[in-house]
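Below is upload_17.cif, which holds mmCIF, C-alpha atoms.
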data_coords
#
loop_
_atom_site.label_atom_id
_atom_site.label_comp_id
_atom_site.auth_asym_id
_atom_site.auth_seq_id
_atom_site.Cartn_x
_atom_site.Cartn_y
_atom_site.Cartn_z
CA MET A 252 0.00 0.00 0.00
CA GLY A 253 1.59 3.25 -1.17
CA PHE A 254 -0.92 5.53 0.54
CA ARG A 255 -2.14 5.15 4.11
CA LEU A 256 -4.23 6.99 6.64
CA THR A 257 -3.34 6.59 10.29
CA ALA A 258 -4.77 7.80 13.57
CA ALA A 259 -1.46 6.98 15.31
CA PRO A 260 1.63 9.22 15.36
CA ILE A 261 3.73 8.89 12.20
CA ASP A 262 7.09 7.21 12.85
CA PRO A 263 9.46 8.09 9.98
CA SER A 264 12.24 5.73 11.06
CA ALA A 265 9.90 2.73 11.07
CA LEU A 266 8.55 3.74 7.67
CA MET A 267 12.08 4.20 6.29
CA GLU A 268 12.82 0.58 7.17
CA GLU A 269 10.15 -0.44 4.66
CA LEU A 270 11.98 1.48 1.93
CA ARG A 271 15.45 0.14 2.67
CA ASP A 272 16.90 -1.13 -0.60
CA SER A 273 20.56 -1.20 -1.58
CA ARG A 274 19.73 -0.75 -5.29
CA THR A 275 18.38 2.78 -4.83
CA GLY A 276 20.88 5.59 -4.47
CA ALA A 277 18.43 8.32 -3.52
CA CYS A 278 15.70 8.73 -0.95
CA VAL A 279 13.80 12.01 -0.66
CA THR A 280 11.36 12.55 2.18
CA PHE A 281 8.92 15.36 2.95
CA GLU A 282 7.47 15.93 6.39
CA GLY A 283 4.47 18.25 6.78
CA ARG A 284 4.14 19.44 10.38
CA VAL A 285 1.54 21.33 12.34
CA ARG A 286 2.48 25.01 12.37
CA ASP A 287 1.71 27.46 15.17
CA GLU A 288 -0.10 29.99 12.96
CA ASN A 289 -2.23 30.23 9.84
CA GLU A 290 -2.83 33.50 8.03
CA GLY A 291 -1.75 35.43 11.08
CA ARG A 292 -3.93 33.57 13.60
CA PRO A 293 -2.13 31.67 16.37
CA VAL A 294 -3.02 27.96 16.13
CA ARG A 295 -3.04 25.69 19.18
CA SER A 296 -3.98 22.33 17.66
CA LEU A 297 -5.53 20.68 14.60
CA ASP A 298 -8.07 17.97 13.89
CA TYR A 299 -7.85 16.04 10.64
CA GLU A 300 -10.86 14.20 9.24
CA ALA A 301 -10.71 11.95 6.18
CA TYR A 302 -13.29 10.34 3.96
CA ALA A 303 -11.30 7.11 4.29
CA PRO A 304 -12.46 4.91 1.37
CA LEU A 305 -12.29 7.78 -1.12
CA ALA A 306 -9.06 9.22 0.33
CA GLU A 307 -7.33 5.83 0.12
CA ARG A 308 -8.51 5.28 -3.43
CA GLU A 309 -7.39 8.76 -4.58
CA GLY A 310 -4.10 8.42 -2.68
CA GLU A 311 -3.31 5.09 -4.32
CA LYS A 312 -4.02 6.60 -7.76
CA ILE A 313 -1.54 9.41 -7.04
CA ILE A 314 1.17 6.95 -5.97
CA SER A 315 0.59 4.87 -9.13
CA GLU A 316 0.78 8.01 -11.28
CA ALA A 317 4.07 9.00 -9.61
CA LEU A 318 5.54 5.55 -10.26
CA ARG A 319 4.53 5.80 -13.94
CA ARG A 320 5.66 9.40 -14.51
CA PHE A 321 9.04 9.37 -12.77
CA GLN A 322 12.00 6.99 -12.76
CA VAL A 323 11.51 5.97 -9.15
CA SER A 324 11.53 2.66 -7.30
CA ARG A 325 9.15 3.12 -4.39
CA ALA A 326 6.81 5.81 -3.14
CA LEU A 327 4.96 6.01 0.14
CA CYS A 328 2.64 8.63 1.61
CA VAL A 329 1.11 8.51 5.09
CA HIS A 330 -1.47 11.06 6.29
CA ARG A 331 -2.69 11.55 9.85
CA THR A 332 -6.26 11.71 11.04
CA GLY A 333 -7.47 12.78 14.48
CA SER A 334 -6.12 15.40 16.86
CA LEU A 335 -2.61 16.76 16.36
CA ALA A 336 -0.49 19.06 18.48
CA LEU A 337 1.95 21.71 17.24
CA GLY A 338 4.98 20.12 15.62
CA ASP A 339 3.29 16.76 15.02
CA ILE A 340 3.78 15.23 11.59
CA ALA A 341 0.55 15.60 9.60
CA VAL A 342 1.77 14.06 6.36
CA TRP A 343 4.88 12.14 5.37
CA VAL A 344 6.09 11.32 1.86
CA ALA A 345 9.10 9.27 0.84
CA VAL A 346 10.38 8.35 -2.60
CA THR A 347 13.33 6.15 -3.44
CA ALA A 348 15.03 6.19 -6.83
CA GLY A 349 18.27 5.39 -8.58
CA HIS A 350 19.04 9.09 -8.86
CA ARG A 351 18.11 12.17 -6.88
CA SER A 352 16.34 14.38 -9.44
CA ALA A 353 13.54 11.89 -10.10
CA ALA A 354 13.13 11.36 -6.35
CA PHE A 355 12.79 15.11 -5.68
CA GLU A 356 10.32 15.59 -8.54
CA ALA A 357 8.17 12.63 -7.56
CA CYS A 358 8.09 13.72 -3.92
CA ARG A 359 6.94 17.23 -4.88
CA PHE A 360 4.36 15.76 -7.27
CA ILE A 361 2.91 13.48 -4.60
CA ILE A 362 2.50 16.09 -1.87
CA GLY A 363 0.98 18.56 -4.35
CA GLU A 364 -1.52 16.05 -5.71
CA VAL A 365 -2.41 14.75 -2.25
CA LYS A 366 -3.27 18.26 -1.09
CA ALA A 367 -5.32 18.90 -4.23
CA ARG A 368 -7.14 15.59 -4.63
CA VAL A 369 -7.40 13.62 -1.39
CA PRO A 370 -10.50 14.46 0.69
CA ILE A 371 -9.02 15.30 4.09
CA TRP A 372 -10.29 18.23 6.13
CA LYS A 373 -8.49 20.24 8.76
CA LYS A 374 -10.06 22.05 11.70
CA GLU A 375 -7.88 24.64 13.36
CA HIS A 376 -8.21 25.42 17.05
CA TYR A 377 -6.97 28.91 17.78
CA ALA A 378 -5.31 30.41 20.83
CA ASP A 379 -8.43 32.50 21.53
CA GLY A 380 -10.52 29.32 21.96
CA SER A 381 -12.35 29.50 18.61
CA ALA A 382 -12.12 26.82 15.91
CA GLU A 383 -12.71 26.74 12.17
CA TRP A 384 -12.60 24.31 9.26
CA VAL A 385 -9.89 25.51 6.91
CA LYS A 386 -11.46 26.68 3.69
CA GLY A 387 -9.49 24.61 1.30
CA SER A 388 -9.38 25.49 -2.36
CA ALA A 389 -9.26 21.83 -3.30
CA GLY A 390 -12.36 20.03 -4.36
CA PRO A 391 -14.98 21.80 -6.44
CA LEU A 392 -12.71 23.33 -9.03
CA ARG A 393 -11.03 20.14 -10.14
CA GLY A 394 -12.73 17.54 -12.24
CA MET B 130 -25.61 9.56 3.13
CA ARG B 131 -22.26 10.31 4.69
CA TYR B 132 -21.31 13.72 6.01
CA PHE B 133 -17.87 15.18 6.63
CA ALA B 134 -16.30 18.22 8.27
CA VAL B 135 -18.47 21.34 8.11
CA LEU B 136 -21.40 19.45 6.55
CA ARG B 137 -21.25 16.83 9.31
CA GLU B 138 -21.44 19.55 11.93
CA GLN B 139 -24.31 21.35 10.18
CA ARG B 140 -26.29 18.13 9.80
CA GLY B 141 -25.32 16.91 13.28
CA LEU B 142 -24.76 13.37 11.94
CA GLU B 143 -22.01 11.29 10.37
CA GLU B 144 -24.40 9.23 8.31
CA GLU B 145 -28.05 8.51 7.74
CA ARG B 146 -30.41 6.60 5.51
CA VAL B 147 -32.54 8.83 3.30
CA GLU B 148 -35.70 8.02 1.37
CA THR B 149 -36.07 10.16 -1.69
CA THR B 150 -37.73 10.42 -5.07
CA ALA B 151 -34.76 12.43 -6.36
CA ALA B 152 -33.23 11.04 -9.55
CA THR B 153 -29.78 12.59 -9.43
CA ALA B 154 -27.14 13.46 -6.85
CA ALA B 155 -27.84 17.16 -7.43
CA GLU B 156 -31.53 16.70 -6.62
CA VAL B 157 -30.68 14.78 -3.45
CA TYR B 158 -28.47 17.60 -2.25
CA GLU B 159 -31.06 20.29 -2.95
CA GLU B 160 -33.61 18.26 -1.02
CA LEU B 161 -31.29 17.80 1.98
CA ARG B 162 -30.21 21.40 1.83
CA ARG B 163 -33.80 22.62 2.06
CA THR B 164 -34.78 20.16 4.78
CA HIS B 165 -31.76 20.72 7.02
CA ARG B 166 -30.91 24.31 6.04
CA LEU B 167 -27.39 23.39 5.02
CA ALA B 168 -25.41 26.51 4.28
CA LEU B 169 -23.14 25.35 1.47
CA PRO B 170 -24.39 25.75 -2.11
CA ALA B 171 -23.89 22.75 -4.38
CA GLY B 172 -21.40 24.78 -6.42
CA SER B 173 -18.92 24.71 -3.55
CA LEU B 174 -19.13 20.93 -3.12
CA ARG B 175 -18.21 17.81 -5.03
CA VAL B 176 -20.18 14.62 -5.00
CA ALA B 177 -19.10 11.03 -4.43
CA VAL B 178 -21.29 8.02 -5.17
CA ASN B 179 -20.21 4.70 -3.69
CA HIS B 180 -16.85 6.21 -2.69
CA GLU B 181 -15.96 7.57 -6.13
CA PHE B 182 -16.05 11.14 -7.39
CA LYS B 183 -18.96 11.60 -9.80
CA GLU B 184 -20.73 14.37 -11.69
CA TRP B 185 -23.72 16.12 -10.12
CA GLY B 186 -25.96 14.65 -12.81
CA GLU B 187 -25.14 11.10 -11.72
CA VAL B 188 -28.33 9.03 -11.63
CA ILE B 189 -28.70 7.40 -8.23
CA ARG B 190 -30.06 4.00 -7.39
CA ASP B 191 -31.54 2.40 -4.32
CA GLY B 192 -28.80 1.56 -1.83
CA ASP B 193 -26.16 3.96 -3.19
CA THR B 194 -23.88 5.70 -0.69
CA LEU B 195 -23.65 9.42 -1.37
CA ALA B 196 -21.30 11.98 0.11
CA PHE B 197 -21.15 15.68 -0.59
CA ILE B 198 -17.58 16.85 -0.27
CA PRO B 199 -16.86 20.32 1.15
CA PRO B 200 -13.68 22.06 -0.04
CA PHE B 201 -10.83 20.22 1.64
CA ALA B 202 -7.38 21.14 2.88
CA GLY B 203 -5.21 18.19 3.78
CA GLY B 204 -1.48 18.20 4.33
#

Can the structure in the file be given as structure tokens, please?
Amino acid sequence: MGFRLTAAPIDPSALMEELRDSRTGACVTFEGRVRDENEGRPVRSLDYEAYAPLAEREGEKIISEALRRFQVSRALCVHRTGSLALGDIAVWVAVTAGHRSAAFEACRFIIGEVKARVPIWKKEHYADGSAEWVKGSAGPLRG
Amino acid sequence: MRYFAVLREQRGLEEERVETTAATAAEVYEELRRTHRLALPAGSLRVAVNHEFKEWGEVIRDGDTLAFIPPFAGG
């Protein structure tokens, strides 16, 4: 499975073990973490909610597309659900390849497509006690 | 029906069974929107039928699972 949702903390070192392969010379990873502000408002924590069956299906499509488009060996993306604190890893992407440029490109492709196509919502809890669903641009505009 | 994020909160439910005479996904949403005073217009949502993105004109059948997808922001 190249795309996974998890309610448990993401453990990059355990995931990296899955990608260990002496034939690949490059491994690029991206870690998206919970930031302490959004558009000027101090953020205290986040909740992520996924439409699991659809998110997993879309996520797998993105991984397959990345494997077709770029000269890479393996690609893995894990996205959190549930409540996250500041600094927690929200999304993790890793790509292994024979050479670095394909690994960088595929990693950027995957995180971009995941944000645009995978139905996962984020509710921000602010320092002043209020909370709001982040008005994502993804969804209605893409076919 | 399955509801997520802001729609789930507006409806106050994660899922429910709905009886309808509506023929398409768009008609189902308009019906639910009127009944439950949902704030989001259909134009700001996407529709999924049986866990796949579909067009609003998708003809629905008995037993289908529908979800209306608010704009999302993962990552």

What's the 9 Å shell around Val329 in chain A, counting only C-alpha atoms, without same-chain residues fewer than 2 positions away, as a list of chain:residue names?
->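 Neighbouring residues, sequence-local ones excluded: A:Gly253, A:Phe254, A:Arg255, A:Leu256, A:Thr257, A:Ile261, A:Leu327, A:Arg331, A:Ala341, A:Val342, A:Trp343, A:Val344.
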
Quick one: everything within 8 Å of range 133-136 of chain B, counting all atoms listed in the file, minus sequence neighbours fewer than 2 positions away in the same chain. Send it as an mmCIF file with C-alpha atoms, in the coordinates of the input.
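Everything below was put into selection-v6.cif:
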data_model
loop_
_atom_site.group_PDB
_atom_site.id
_atom_site.type_symbol
_atom_site.label_atom_id
_atom_site.label_comp_id
_atom_site.auth_asym_id
_atom_site.auth_seq_id
_atom_site.Cartn_x
_atom_site.Cartn_y
_atom_site.Cartn_z
ATOM 1 C CA GLU A 300 -10.860 14.200 9.240
ATOM 2 C CA ALA A 301 -10.710 11.950 6.180
ATOM 3 C CA TYR A 302 -13.290 10.340 3.960
ATOM 4 C CA TRP A 372 -10.290 18.230 6.130
ATOM 5 C CA TRP A 384 -12.600 24.310 9.260
ATOM 6 C CA ARG B 131 -22.260 10.310 4.690
ATOM 7 C CA GLU B 138 -21.440 19.550 11.930
ATOM 8 C CA GLN B 139 -24.310 21.350 10.180
ATOM 9 C CA ARG B 140 -26.290 18.130 9.800
ATOM 10 C CA GLU B 143 -22.010 11.290 10.370
ATOM 11 C CA LEU B 167 -27.390 23.390 5.020
ATOM 12 C CA LEU B 169 -23.140 25.350 1.470
ATOM 13 C CA PHE B 197 -21.150 15.680 -0.590
ATOM 14 C CA ILE B 198 -17.580 16.850 -0.270
ATOM 15 C CA PRO B 199 -16.860 20.320 1.150
#

Return as an MDAnalysis selection string the residues belonging to chain A that are within 9 Å of chain B, counting all atoms listed in the file.
-> chainID A and resid 283:284 299:306 308:309 330:331 341:343 362 365:374 383:392 394

Please identify all polymer residues within 8 Å of range 269-277 of chain A, counting all atoms listed in the file, omitting same-chain residues fewer than 2 positions from it, and present them as a list in words.
->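 In the requested format, the answer is Ala265, Leu266, Met267, Val279, Ser324, Arg325, Thr347, Ala348, Gly349, His350, Arg351 and Ala354 of chain A.
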
Same residues, C-alpha atoms, saved as a short mmCIF file (atom, residue, chain, number, x, y, z; two decimals), in the coordinates of the input:
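Heads up, here's the output in selection_22.cif:
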data_model
loop_
_atom_site.label_atom_id
_atom_site.label_comp_id
_atom_site.auth_asym_id
_atom_site.auth_seq_id
_atom_site.Cartn_x
_atom_site.Cartn_y
_atom_site.Cartn_z
CA ALA A 265 9.90 2.73 11.07
CA LEU A 266 8.55 3.74 7.67
CA MET A 267 12.08 4.20 6.29
CA VAL A 279 13.80 12.01 -0.66
CA SER A 324 11.53 2.66 -7.30
CA ARG A 325 9.15 3.12 -4.39
CA THR A 347 13.33 6.15 -3.44
CA ALA A 348 15.03 6.19 -6.83
CA GLY A 349 18.27 5.39 -8.58
CA HIS A 350 19.04 9.09 -8.86
CA ARG A 351 18.11 12.17 -6.88
CA ALA A 354 13.13 11.36 -6.35
#

Selection under test: the PyMOL selection byres ((chain B and resi 190) around 10); residues as an NGL selection string | :B and (151-154 or 178 or 187-189 or 191-194)

How many Å separate CA of Glu375 in chain A from CA of Glu311 in chain A?
-> 26.8 Å

Tell me, in Å to one decimal, how far CA of Phe355 in chain A is from CA of Glu288 in chain A.
->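 Between CA of Phe355 in chain A and CA of Glu288 in chain A the gap is 27.1 Å.
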